[in-house]
Amino acid sequence: MTTTPGMIEVGTAEPVIQRRRFIPWIQSSARTRRLGWWGTPYLFILLPVGFLLLFTYTPVVNMFWYSVTSWDGLSKEQDYVGLANYIRVFTRPEYFQVFYVSLFYFVASFAQLGIALYFATILSFQTKFKNFFKGVLFFPYLINGVAIAFTFLYFFKPGGTLDATLAFFGVDPGVLWLGDRSIANFSLAGTSVWRYMGLNFVLFLGAIQSIPSQLYEAAAIDGANKWQQFRFIILPGIRPILGLSMILAISGSIAVFEIPFIMTHGDNGTMTFVIKTVRVAFENHKVGQASAMAVILLLIVLIVTWIQRRIIPDEKVNLV
Amino acid sequence: MTPVIAKTIKYVTLALGSIVALLPLTVILLASVKTQQELEQGGPFDFPSSPQWGNYATFFVRGKALEGFMNTGIILVFSILGTIVIGTMAAYAIDRFEFRFRKSIVMLFLLATLVPGVTTQVATFQVVHALGAYNTRVAPILLFMGTDIISIYIFIQFMRGIPKELDEAAFLDGANHWRIYRSVIFPLLKPAIATVIIIKGIAIYNEFYIPFLYMPSRNLPVISTALFRFKGPYAASWQVISAGIIIVVIPTLIIFLLLQRHIYNGLTQGAVK
């Protein structure tokens with residue numbers, strides 16, 4: 001952050017590189033003396049705010065209204081039904097089971113973070129072909145979701161990539177990876193790990209590499225081994241982003257959508273919250289019911305974010 | 001644990017991780033040049049007797065891949081242009097001016113980042129419908145440029161590093177704010193614009209649900225929905241589906257190889273949404 005003469009510096013006198021993410025937005029760096037016409041900023045902000053209101057806030061406000069109606073999305077009439085839609089989500093098993101499915105993804109996301117942390121740590125030390133490994137481990141994250149979903153349909157199909165690989169090692173579990181209700185969610189959650197691990201990995205690696213190298217040098221002089229370096233330098237150094245990732249895993253596991261939607265369409269006991277919501281809305285035409293579900297998801301996300309703000313020291317989190 | 005063992009473990013796990021990352025797609029690459037018969041009778045790792053490039057042609061001709069790439073391209077260009085204009089204007093107003101409602105507007109933008117996009121489509125759909133944008137390319141373009149707060153964040157971050165003396169000097173030279181924005185600030189934002197183009201470009205290329213929901217016409221595919229709809233009629237022909245997958249992945253691979261460093265940086269800056 002640069003300090004410019006003539007502007008008001010609010011907050012700490014120390015230049016802080018990474019600070020609470022929304023503080024820089026609110027604390028104006030604008031000058032006290034105004035240049036030009038007073039209306040200028042409004043002209044600049046008009047279009048962005050217009051879009052924001054039209055495409056984010058109008059839907060959100062409408063959603064709250066739809067959620068207490070039995071609207072089908074088409075008819076002129078929107079009948080008020082009170083909290084019936086909300087009660088249905090928590091009492092009917094067909095709605096409630098989606099929370100159970102999200103547990104698979106929740107657990108899987110911790111495996112994902114563990115794998116990402118492991119690879120980020122070992123690649124932060126000197127490694128041959130470092131960039132190659134980094135690229136290979138990261139690349140799946142960039143791939144189109146439909147392409148990934150189809151690739152893994154082939155991977156899991158009977159006699160597909162997975163079965164052939166297991167057969168190579170003499171194993172034949174003889175199960176239907178996507179057809180068997182008790183296994184399908186593991187397969188889908190595994191696909192999800194394959195897809196998203198690379199992002200966590202690159203973010204962790206970036207965080208580890210921003211730890212000042214003097215710390216390692218000092219540790220080496222003190223005779224610390226690699227494990228101790230990990231335990232006492234790396235882990236504390238990336239704690240903020242690690243904590244943030246863990247908390248995001250909660251909202252992330254409820255918001256799972258693309259992979260199971262494309263691969264199984266939510267059938268076979270793989271229905272997730274978001275798939276259910278969009279199917280209720282656009283296939284069953286129960287916009288009121290779907291809106292209630294969307295509101296619940298929104299509230300869960302808001303609560304999780306609130307918890308995150310309370311638990312994680314803000315000033316070191318540099319993520320949007 | 002001796003250093004040798006530790007090193008062995010390290011490279012073995014790296015190799016394993018790489019195999020897990022590469023194997024599924026390698027098998028698809030193999031499948032994409034096989035005949036239907038080879039696929040049905042042989043194992044996934046068997047090599048084809050002679051590569052069947054015709055599978056790729058089938059996807060292009062029957063899968064509407066060209067239309068898909070074209071529509072994706074059009075949506076990409078207009079959404080990114082819109083995002084840059086909207087994002088830089090918002091950033092300019094928020095970073096360079098003090099005005100009434102400024103704080104409330106900033107809060108509105110920040111709150112909006114928390115709203116999960118997929119579910120609000122339930123209600124967004126009605127707005128898009130009311131605008132008459134349903135089943136046109138305009139719908140995704142509007143949504144991509146209208147709901148991107150991460151880009152605004154990146155622009156603000158970057159703009160804070162541009163000294164205000166530049167604005168002031170230009171102002172004293174008689175430039176108005178529009179000129180300052182256009183001729184002083186905008187050109188200096190190039191690195192931030194590049195970052196936004198990269199992360200936004202990848203996100204739009206990969207987006208499935210928005211075009212799936214708002215452009216349901218079979219004659220209006222983007223590359224994601226072209227591949228998705230292709231599977232219906234060709235469900236039993238994995239060789240052509242595989243060719244489709246590879247065709248969709250290749251542009252991503254090329255961009256990744258060319259822009260690796262920028263992609264890593266862009267992601268850490270803009271990070272996860």
# chains A, B, ... in the order shown; residues from 1 in each chain; ligands from 1

call {"tool": "residues_around", "arguments": {"residues": "range 34-42 of chain B", "least_positions_apart": "4", "cutoff": "9 Å", "atoms": "only C-alpha atoms", "output": "ChimeraX atom specification"}}
result
/B:30,46-53,55,236-240

call {"tool": "write_last_selection", "arguments": {"atoms": "N, CA and C atoms", "output": "JSON list (two decimals), in the first residue's frame"}}
result
[["chain", "number", "residue", "atom", "x", "y", "z"],
["B", 30, "LEU", "N", -6.86, -42.16, -25.72],
["B", 30, "LEU", "CA", -6.76, -43.43, -26.44],
["B", 30, "LEU", "C", -8.11, -43.81, -27.05],
["B", 46, "ASP", "N", -5.58, -50.64, -24.12],
["B", 46, "ASP", "CA", -5.09, -51.16, -25.39],
["B", 46, "ASP", "C", -4.94, -50.04, -26.41],
["B", 47, "PHE", "N", -3.90, -50.19, -27.25],
["B", 47, "PHE", "CA", -3.73, -49.20, -28.31],
["B", 47, "PHE", "C", -4.57, -49.58, -29.52],
["B", 48, "PRO", "N", -5.06, -48.58, -30.25],
["B", 48, "PRO", "CA", -5.82, -48.89, -31.46],
["B", 48, "PRO", "C", -4.88, -49.36, -32.57],
["B", 49, "SER", "N", -5.42, -50.17, -33.48],
["B", 49, "SER", "CA", -4.56, -50.66, -34.56],
["B", 49, "SER", "C", -4.18, -49.50, -35.47],
["B", 50, "SER", "N", -5.14, -48.67, -35.82],
["B", 50, "SER", "CA", -4.79, -47.43, -36.54],
["B", 50, "SER", "C", -5.70, -46.33, -36.02],
["B", 51, "PRO", "N", -5.14, -45.15, -35.79],
["B", 51, "PRO", "CA", -5.93, -44.07, -35.17],
["B", 51, "PRO", "C", -7.11, -43.64, -36.04],
["B", 52, "GLN", "N", -8.26, -43.54, -35.43],
["B", 52, "GLN", "CA", -9.49, -43.19, -36.14],
["B", 52, "GLN", "C", -9.77, -41.70, -35.97],
["B", 53, "TRP", "N", -9.18, -40.87, -36.81],
["B", 53, "TRP", "CA", -9.40, -39.42, -36.65],
["B", 53, "TRP", "C", -10.83, -39.03, -36.99],
["B", 55, "ASN", "N", -13.43, -39.90, -35.71],
["B", 55, "ASN", "CA", -14.23, -39.63, -34.51],
["B", 55, "ASN", "C", -14.30, -38.13, -34.22],
["B", 236, "ALA", "N", -23.80, -44.68, -26.58],
["B", 236, "ALA", "CA", -23.11, -45.96, -26.69],
["B", 236, "ALA", "C", -21.78, -45.83, -27.43],
["B", 237, "SER", "N", -21.52, -44.67, -28.01],
["B", 237, "SER", "CA", -20.31, -44.52, -28.83],
["B", 237, "SER", "C", -19.25, -43.71, -28.09],
["B", 238, "TRP", "N", -18.57, -44.39, -27.19],
["B", 238, "TRP", "CA", -17.60, -43.67, -26.37],
["B", 238, "TRP", "C", -16.45, -43.09, -27.19],
["B", 239, "GLN", "N", -16.20, -43.69, -28.38],
["B", 239, "GLN", "CA", -15.07, -43.16, -29.16],
["B", 239, "GLN", "C", -15.36, -41.72, -29.60],
["B", 240, "VAL", "N", -16.61, -41.41, -30.00],
["B", 240, "VAL", "CA", -16.87, -40.02, -30.43],
["B", 240, "VAL", "C", -17.05, -39.08, -29.23]]

call {"tool": "interface_residues", "arguments": {"of": "chain B", "to": "chain A", "cutoff": "6 Å", "atoms": "only C-alpha atoms", "output": "PyMOL selection string"}}
result
chain B and resi 44+86+89-90+93+96-98+103+119+123-124+146+206+245+271

call {"tool": "select_by_dssp", "arguments": {"residues": "range 77-136 of chain A", "states": "alpha helix (DSSP H)", "output": "VMD selection string"}}
result
chain A and resid 84 to 91 93 to 124 130 to 136

call {"tool": "write_last_selection", "arguments": {"atoms": "N, CA and C atoms", "output": "compact mmCIF listing (two decimals), in the first residue's frame"}}
result
# COMPACT_ATOMS: atom_id res chain seq x y z
N ALA A 84 -44.95 -23.09 4.79
CA ALA A 84 -45.14 -24.49 4.39
C ALA A 84 -43.95 -25.04 3.60
N ASN A 85 -43.43 -24.21 2.69
CA ASN A 85 -42.30 -24.69 1.87
C ASN A 85 -41.07 -25.00 2.72
N TYR A 86 -40.84 -24.16 3.71
CA TYR A 86 -39.68 -24.36 4.58
C TYR A 86 -39.86 -25.63 5.41
N ILE A 87 -41.07 -25.79 5.95
CA ILE A 87 -41.34 -26.95 6.80
C ILE A 87 -41.14 -28.24 6.00
N ARG A 88 -41.58 -28.21 4.74
CA ARG A 88 -41.44 -29.39 3.90
C ARG A 88 -39.98 -29.81 3.76
N VAL A 89 -39.07 -28.83 3.59
CA VAL A 89 -37.66 -29.17 3.39
C VAL A 89 -37.12 -29.96 4.59
N PHE A 90 -37.57 -29.59 5.78
CA PHE A 90 -36.99 -30.22 6.96
C PHE A 90 -37.77 -31.43 7.45
N THR A 91 -38.94 -31.69 6.86
CA THR A 91 -39.72 -32.82 7.36
C THR A 91 -39.83 -33.96 6.35
N PRO A 93 -38.48 -36.66 3.92
CA PRO A 93 -37.18 -37.31 3.72
C PRO A 93 -36.59 -37.03 2.33
N GLU A 94 -37.43 -36.95 1.30
CA GLU A 94 -36.90 -36.72 -0.05
C GLU A 94 -36.15 -35.39 -0.14
N TYR A 95 -36.54 -34.43 0.68
CA TYR A 95 -35.81 -33.16 0.70
C TYR A 95 -34.65 -33.23 1.67
N PHE A 96 -34.92 -33.86 2.81
CA PHE A 96 -33.93 -33.80 3.88
C PHE A 96 -32.70 -34.64 3.57
N GLN A 97 -32.87 -35.70 2.76
CA GLN A 97 -31.74 -36.59 2.51
C GLN A 97 -30.57 -35.89 1.80
N VAL A 98 -30.86 -34.75 1.16
CA VAL A 98 -29.77 -34.06 0.46
C VAL A 98 -28.68 -33.60 1.44
N PHE A 99 -29.07 -33.35 2.68
CA PHE A 99 -28.06 -32.93 3.65
C PHE A 99 -27.12 -34.09 3.97
N TYR A 100 -27.71 -35.31 3.96
CA TYR A 100 -26.91 -36.50 4.21
C TYR A 100 -25.89 -36.69 3.08
N VAL A 101 -26.32 -36.45 1.84
CA VAL A 101 -25.40 -36.59 0.71
C VAL A 101 -24.25 -35.59 0.82
N SER A 102 -24.55 -34.39 1.30
CA SER A 102 -23.48 -33.40 1.37
C SER A 102 -22.39 -33.80 2.36
N LEU A 103 -22.71 -34.70 3.29
CA LEU A 103 -21.68 -35.18 4.21
C LEU A 103 -20.53 -35.87 3.47
N PHE A 104 -20.87 -36.63 2.41
CA PHE A 104 -19.83 -37.30 1.63
C PHE A 104 -18.83 -36.26 1.10
N TYR A 105 -19.38 -35.18 0.55
CA TYR A 105 -18.52 -34.16 -0.04
C TYR A 105 -17.75 -33.41 1.04
N PHE A 106 -18.40 -33.26 2.17
CA PHE A 106 -17.74 -32.56 3.27
C PHE A 106 -16.51 -33.34 3.73
N VAL A 107 -16.69 -34.64 3.96
CA VAL A 107 -15.56 -35.47 4.37
C VAL A 107 -14.50 -35.49 3.27
N ALA A 108 -14.96 -35.64 2.03
CA ALA A 108 -14.03 -35.69 0.90
C ALA A 108 -13.21 -34.40 0.81
N SER A 109 -13.83 -33.26 1.14
CA SER A 109 -13.08 -32.01 0.99
C SER A 109 -11.95 -31.93 2.00
N PHE A 110 -12.09 -32.64 3.11
CA PHE A 110 -10.95 -32.66 4.05
C PHE A 110 -9.82 -33.53 3.52
N ALA A 111 -10.19 -34.64 2.88
CA ALA A 111 -9.17 -35.45 2.22
C ALA A 111 -8.47 -34.60 1.16
N GLN A 112 -9.27 -33.84 0.44
CA GLN A 112 -8.75 -32.96 -0.61
C GLN A 112 -7.75 -31.95 -0.05
N LEU A 113 -8.11 -31.33 1.07
CA LEU A 113 -7.21 -30.35 1.68
C LEU A 113 -5.94 -31.03 2.17
N GLY A 114 -6.09 -32.24 2.71
CA GLY A 114 -4.91 -32.98 3.19
C GLY A 114 -3.95 -33.29 2.05
N ILE A 115 -4.50 -33.80 0.95
CA ILE A 115 -3.66 -34.12 -0.21
C ILE A 115 -2.99 -32.84 -0.73
N ALA A 116 -3.77 -31.77 -0.84
CA ALA A 116 -3.24 -30.51 -1.36
C ALA A 116 -2.12 -30.00 -0.45
N LEU A 117 -2.32 -30.11 0.85
CA LEU A 117 -1.31 -29.63 1.79
C LEU A 117 -0.03 -30.47 1.68
N TYR A 118 -0.22 -31.78 1.54
CA TYR A 118 0.94 -32.66 1.41
C TYR A 118 1.77 -32.28 0.18
N PHE A 119 1.11 -32.17 -0.99
CA PHE A 119 1.86 -31.88 -2.20
C PHE A 119 2.45 -30.46 -2.17
N ALA A 120 1.70 -29.53 -1.61
CA ALA A 120 2.22 -28.16 -1.52
C ALA A 120 3.47 -28.13 -0.66
N THR A 121 3.46 -28.90 0.44
CA THR A 121 4.61 -28.90 1.33
C THR A 121 5.83 -29.52 0.66
N ILE A 122 5.66 -30.72 0.08
CA ILE A 122 6.85 -31.35 -0.49
C ILE A 122 7.37 -30.58 -1.70
N LEU A 123 6.48 -29.92 -2.43
CA LEU A 123 6.97 -29.16 -3.58
C LEU A 123 7.55 -27.81 -3.17
N SER A 124 7.34 -27.41 -1.93
CA SER A 124 7.93 -26.15 -1.51
C SER A 124 9.41 -26.34 -1.19
N LYS A 130 9.97 -29.72 -10.62
CA LYS A 130 8.97 -29.06 -9.79
C LYS A 130 7.81 -28.48 -10.59
N ASN A 131 8.15 -27.72 -11.65
CA ASN A 131 7.09 -27.08 -12.43
C ASN A 131 6.21 -28.08 -13.15
N PHE A 132 6.82 -29.18 -13.57
CA PHE A 132 6.04 -30.22 -14.23
C PHE A 132 5.00 -30.79 -13.26
N PHE A 133 5.47 -31.17 -12.08
CA PHE A 133 4.55 -31.76 -11.09
C PHE A 133 3.47 -30.75 -10.71
N LYS A 134 3.89 -29.51 -10.52
CA LYS A 134 2.93 -28.47 -10.15
C LYS A 134 1.84 -28.35 -11.21
N GLY A 135 2.28 -28.30 -12.46
CA GLY A 135 1.33 -28.17 -13.56
C GLY A 135 0.38 -29.35 -13.66
N VAL A 136 0.94 -30.56 -13.55
CA VAL A 136 0.12 -31.76 -13.69
C VAL A 136 -0.91 -31.84 -12.57

call {"tool": "atom_distance", "arguments": {"atom1": "CA of Ile296 in chain A", "atom2": "CA of Met263 in chain A"}}
result
25.2 Å

call {"tool": "residues_around", "arguments": {"residues": "Ile204 in chain B", "least_positions_apart": "3", "cutoff": "8 Å", "atoms": "only C-alpha atoms", "output": "JSON, numbers by chain"}}
result
{"B": [72, 76, 144, 200, 201, 207]}

call {"tool": "write_last_selection", "arguments": {"atoms": "N, CA and C atoms", "output": "tab-separated table (two decimals), in the first residue's frame"}}
result
chain	number	residue	atom	x	y	z
B	72	THR	N	-19.49	-19.70	-27.68
B	72	THR	CA	-18.64	-19.48	-26.52
B	72	THR	C	-17.75	-18.26	-26.74
B	76	LEU	N	-17.84	-14.94	-24.65
B	76	LEU	CA	-16.58	-14.63	-23.97
B	76	LEU	C	-16.16	-13.18	-24.23
B	144	PHE	N	-22.93	-12.84	-16.93
B	144	PHE	CA	-21.49	-12.91	-16.68
B	144	PHE	C	-20.92	-11.54	-16.34
B	200	LYS	N	-11.50	-14.88	-15.86
B	200	LYS	CA	-12.87	-14.81	-16.36
B	200	LYS	C	-13.03	-15.67	-17.61
B	201	GLY	N	-12.02	-15.60	-18.47
B	201	GLY	CA	-12.06	-16.38	-19.71
B	201	GLY	C	-12.19	-17.86	-19.43
B	207	GLU	N	-18.11	-22.67	-18.07
B	207	GLU	CA	-19.44	-22.56	-17.49
B	207	GLU	C	-20.42	-23.48	-18.20

call {"tool": "atom_distance", "arguments": {"atom1": "CA of Ser182 in chain A", "atom2": "CA of Phe169 in chain A"}}
result
23.9 Å

call {"tool": "closest_residue", "arguments": {"among": "B:Leu166, B:Ile185, B:Ala203, B:Val106", "to": "Ile80 in chain B", "atoms": "only C-alpha atoms"}}
result
B:Ala203

call {"tool": "residues_around", "arguments": {"residues": "Pro191 in chain B", "least_positions_apart": "6", "cutoff": "10 Å", "atoms": "only C-alpha atoms", "output": "JSON list (two decimals) with N, CA and C atoms, in the first residue's frame"}}
result
[["chain", "number", "residue", "atom", "x", "y", "z"],
["B", 155, "PHE", "N", -9.71, -4.95, -9.67],
["B", 155, "PHE", "CA", -9.44, -3.60, -10.19],
["B", 155, "PHE", "C", -9.17, -2.61, -9.07],
["B", 158, "PHE", "N", -5.77, -3.06, -7.60],
["B", 158, "PHE", "CA", -4.71, -2.58, -8.48],
["B", 158, "PHE", "C", -4.69, -1.06, -8.55],
["B", 197, "ILE", "N", -9.08, -11.00, -17.63],
["B", 197, "ILE", "CA", -9.35, -11.73, -18.87],
["B", 197, "ILE", "C", -9.05, -13.21, -18.69],
["B", 262, "HIS", "N", 0.79, -16.66, -15.37],
["B", 262, "HIS", "CA", -0.29, -15.68, -15.19],
["B", 262, "HIS", "C", -1.51, -16.32, -14.55]]

call {"tool": "closest_residue", "arguments": {"among": "B:Ile94, B:Arg137, B:Thr88, B:Ala112", "to": "Pro216 in chain B", "atoms": "only C-alpha atoms"}}
result
B:Arg137

call {"tool": "closest_residue", "arguments": {"among": "B:Ala192, B:Leu66, B:Val118, B:Leu257", "to": "Ile154 in chain B", "atoms": "only C-alpha atoms"}}
result
B:Ala192

call {"tool": "decode", "arguments": {"residues": "range 48-80 of chain A", "atoms": "N, CA and C atoms", "output": "mmCIF file, in the first residue's frame"}}
result
data_model
loop_
_atom_site.group_PDB
_atom_site.id
_atom_site.type_symbol
_atom_site.label_atom_id
_atom_site.label_comp_id
_atom_site.auth_asym_id
_atom_site.auth_seq_id
_atom_site.Cartn_x
_atom_site.Cartn_y
_atom_site.Cartn_z
ATOM 1 N N PRO A 48 -22.575 0.005 -12.935
ATOM 2 C CA PRO A 48 -22.269 -1.153 -12.083
ATOM 3 C C PRO A 48 -23.350 -1.431 -11.041
ATOM 4 N N VAL A 49 -23.837 -0.384 -10.398
ATOM 5 C CA VAL A 49 -24.856 -0.601 -9.367
ATOM 6 C C VAL A 49 -26.167 -1.065 -10.002
ATOM 7 N N GLY A 50 -26.470 -0.524 -11.185
ATOM 8 C CA GLY A 50 -27.668 -0.966 -11.892
ATOM 9 C C GLY A 50 -27.636 -2.472 -12.135
ATOM 10 N N PHE A 51 -26.513 -2.963 -12.647
ATOM 11 C CA PHE A 51 -26.371 -4.394 -12.883
ATOM 12 C C PHE A 51 -26.481 -5.188 -11.580
ATOM 13 N N LEU A 52 -25.839 -4.657 -10.553
ATOM 14 C CA LEU A 52 -25.858 -5.355 -9.262
ATOM 15 C C LEU A 52 -27.289 -5.500 -8.738
ATOM 16 N N LEU A 53 -28.033 -4.407 -8.825
ATOM 17 C CA LEU A 53 -29.403 -4.451 -8.325
ATOM 18 C C LEU A 53 -30.269 -5.368 -9.187
ATOM 19 N N LEU A 54 -30.070 -5.278 -10.498
ATOM 20 C CA LEU A 54 -30.927 -6.041 -11.401
ATOM 21 C C LEU A 54 -30.661 -7.542 -11.319
ATOM 22 N N PHE A 55 -29.389 -7.936 -11.275
ATOM 23 C CA PHE A 55 -29.086 -9.359 -11.394
ATOM 24 C C PHE A 55 -28.727 -10.045 -10.093
ATOM 25 N N THR A 56 -28.545 -9.291 -9.028
ATOM 26 C CA THR A 56 -28.284 -9.962 -7.755
ATOM 27 C C THR A 56 -29.383 -9.661 -6.745
ATOM 28 N N TYR A 57 -29.676 -8.383 -6.543
ATOM 29 C CA TYR A 57 -30.595 -8.067 -5.451
ATOM 30 C C TYR A 57 -32.066 -8.270 -5.820
ATOM 31 N N THR A 58 -32.436 -7.959 -7.056
ATOM 32 C CA THR A 58 -33.829 -8.252 -7.439
ATOM 33 C C THR A 58 -34.137 -9.739 -7.270
ATOM 34 N N PRO A 59 -33.292 -10.627 -7.814
ATOM 35 C CA PRO A 59 -33.588 -12.049 -7.607
ATOM 36 C C PRO A 59 -33.627 -12.444 -6.134
ATOM 37 N N VAL A 60 -32.702 -11.940 -5.341
ATOM 38 C CA VAL A 60 -32.672 -12.345 -3.935
ATOM 39 C C VAL A 60 -33.948 -11.898 -3.218
ATOM 40 N N VAL A 61 -34.349 -10.649 -3.465
ATOM 41 C CA VAL A 61 -35.560 -10.152 -2.811
ATOM 42 C C VAL A 61 -36.784 -10.934 -3.294
ATOM 43 N N ASN A 62 -36.866 -11.128 -4.614
ATOM 44 C CA ASN A 62 -37.984 -11.903 -5.156
ATOM 45 C C ASN A 62 -38.037 -13.303 -4.564
ATOM 46 N N MET A 63 -36.838 -13.865 -4.420
ATOM 47 C CA MET A 63 -36.730 -15.236 -3.913
ATOM 48 C C MET A 63 -37.384 -15.371 -2.541
ATOM 49 N N PHE A 64 -37.176 -14.374 -1.703
ATOM 50 C CA PHE A 64 -37.784 -14.411 -0.369
ATOM 51 C C PHE A 64 -39.309 -14.399 -0.484
ATOM 52 N N TRP A 65 -39.809 -13.602 -1.422
ATOM 53 C CA TRP A 65 -41.259 -13.558 -1.616
ATOM 54 C C TRP A 65 -41.770 -14.884 -2.199
ATOM 55 N N TYR A 66 -41.121 -15.362 -3.277
ATOM 56 C CA TYR A 66 -41.576 -16.630 -3.870
ATOM 57 C C TYR A 66 -41.609 -17.736 -2.820
ATOM 58 N N SER A 67 -40.666 -17.691 -1.883
ATOM 59 C CA SER A 67 -40.496 -18.822 -0.960
ATOM 60 C C SER A 67 -41.683 -19.001 -0.014
ATOM 61 N N VAL A 68 -42.524 -17.995 0.103
ATOM 62 C CA VAL A 68 -43.716 -18.155 0.937
ATOM 63 C C VAL A 68 -44.977 -18.261 0.078
ATOM 64 N N THR A 69 -44.781 -18.600 -1.209
ATOM 65 C CA THR A 69 -45.927 -18.811 -2.088
ATOM 66 C C THR A 69 -45.842 -20.221 -2.691
ATOM 67 N N SER A 70 -46.914 -20.594 -3.365
ATOM 68 C CA SER A 70 -46.894 -21.885 -4.063
ATOM 69 C C SER A 70 -46.787 -21.653 -5.560
ATOM 70 N N TRP A 71 -46.102 -20.605 -5.947
ATOM 71 C CA TRP A 71 -46.021 -20.202 -7.343
ATOM 72 C C TRP A 71 -45.367 -21.288 -8.205
ATOM 73 N N ASP A 72 -45.865 -21.441 -9.437
ATOM 74 C CA ASP A 72 -45.288 -22.444 -10.334
ATOM 75 C C ASP A 72 -44.345 -21.822 -11.360
ATOM 76 N N GLY A 73 -44.141 -20.514 -11.283
ATOM 77 C CA GLY A 73 -43.212 -19.865 -12.195
ATOM 78 C C GLY A 73 -43.872 -19.330 -13.447
ATOM 79 N N LEU A 74 -45.126 -19.705 -13.690
ATOM 80 C CA LEU A 74 -45.785 -19.286 -14.927
ATOM 81 C C LEU A 74 -47.063 -18.507 -14.681
ATOM 82 N N SER A 75 -47.921 -19.032 -13.805
ATOM 83 C CA SER A 75 -49.254 -18.466 -13.672
ATOM 84 C C SER A 75 -49.227 -17.065 -13.079
ATOM 85 N N LYS A 76 -50.330 -16.353 -13.270
ATOM 86 C CA LYS A 76 -50.413 -14.987 -12.782
ATOM 87 C C LYS A 76 -50.514 -14.953 -11.259
ATOM 88 N N GLU A 77 -51.114 -16.019 -10.725
ATOM 89 C CA GLU A 77 -51.376 -15.997 -9.288
ATOM 90 C C GLU A 77 -50.220 -16.563 -8.476
ATOM 91 N N GLN A 78 -49.921 -15.848 -7.411
ATOM 92 C CA GLN A 78 -48.903 -16.330 -6.485
ATOM 93 C C GLN A 78 -49.549 -16.439 -5.116
ATOM 94 N N ASP A 79 -49.980 -17.649 -4.749
ATOM 95 C CA ASP A 79 -50.716 -17.814 -3.500
ATOM 96 C C ASP A 79 -49.791 -17.898 -2.300
ATOM 97 N N TYR A 80 -50.117 -17.105 -1.304
ATOM 98 C CA TYR A 80 -49.328 -17.097 -0.076
ATOM 99 C C TYR A 80 -49.583 -18.380 0.712
#
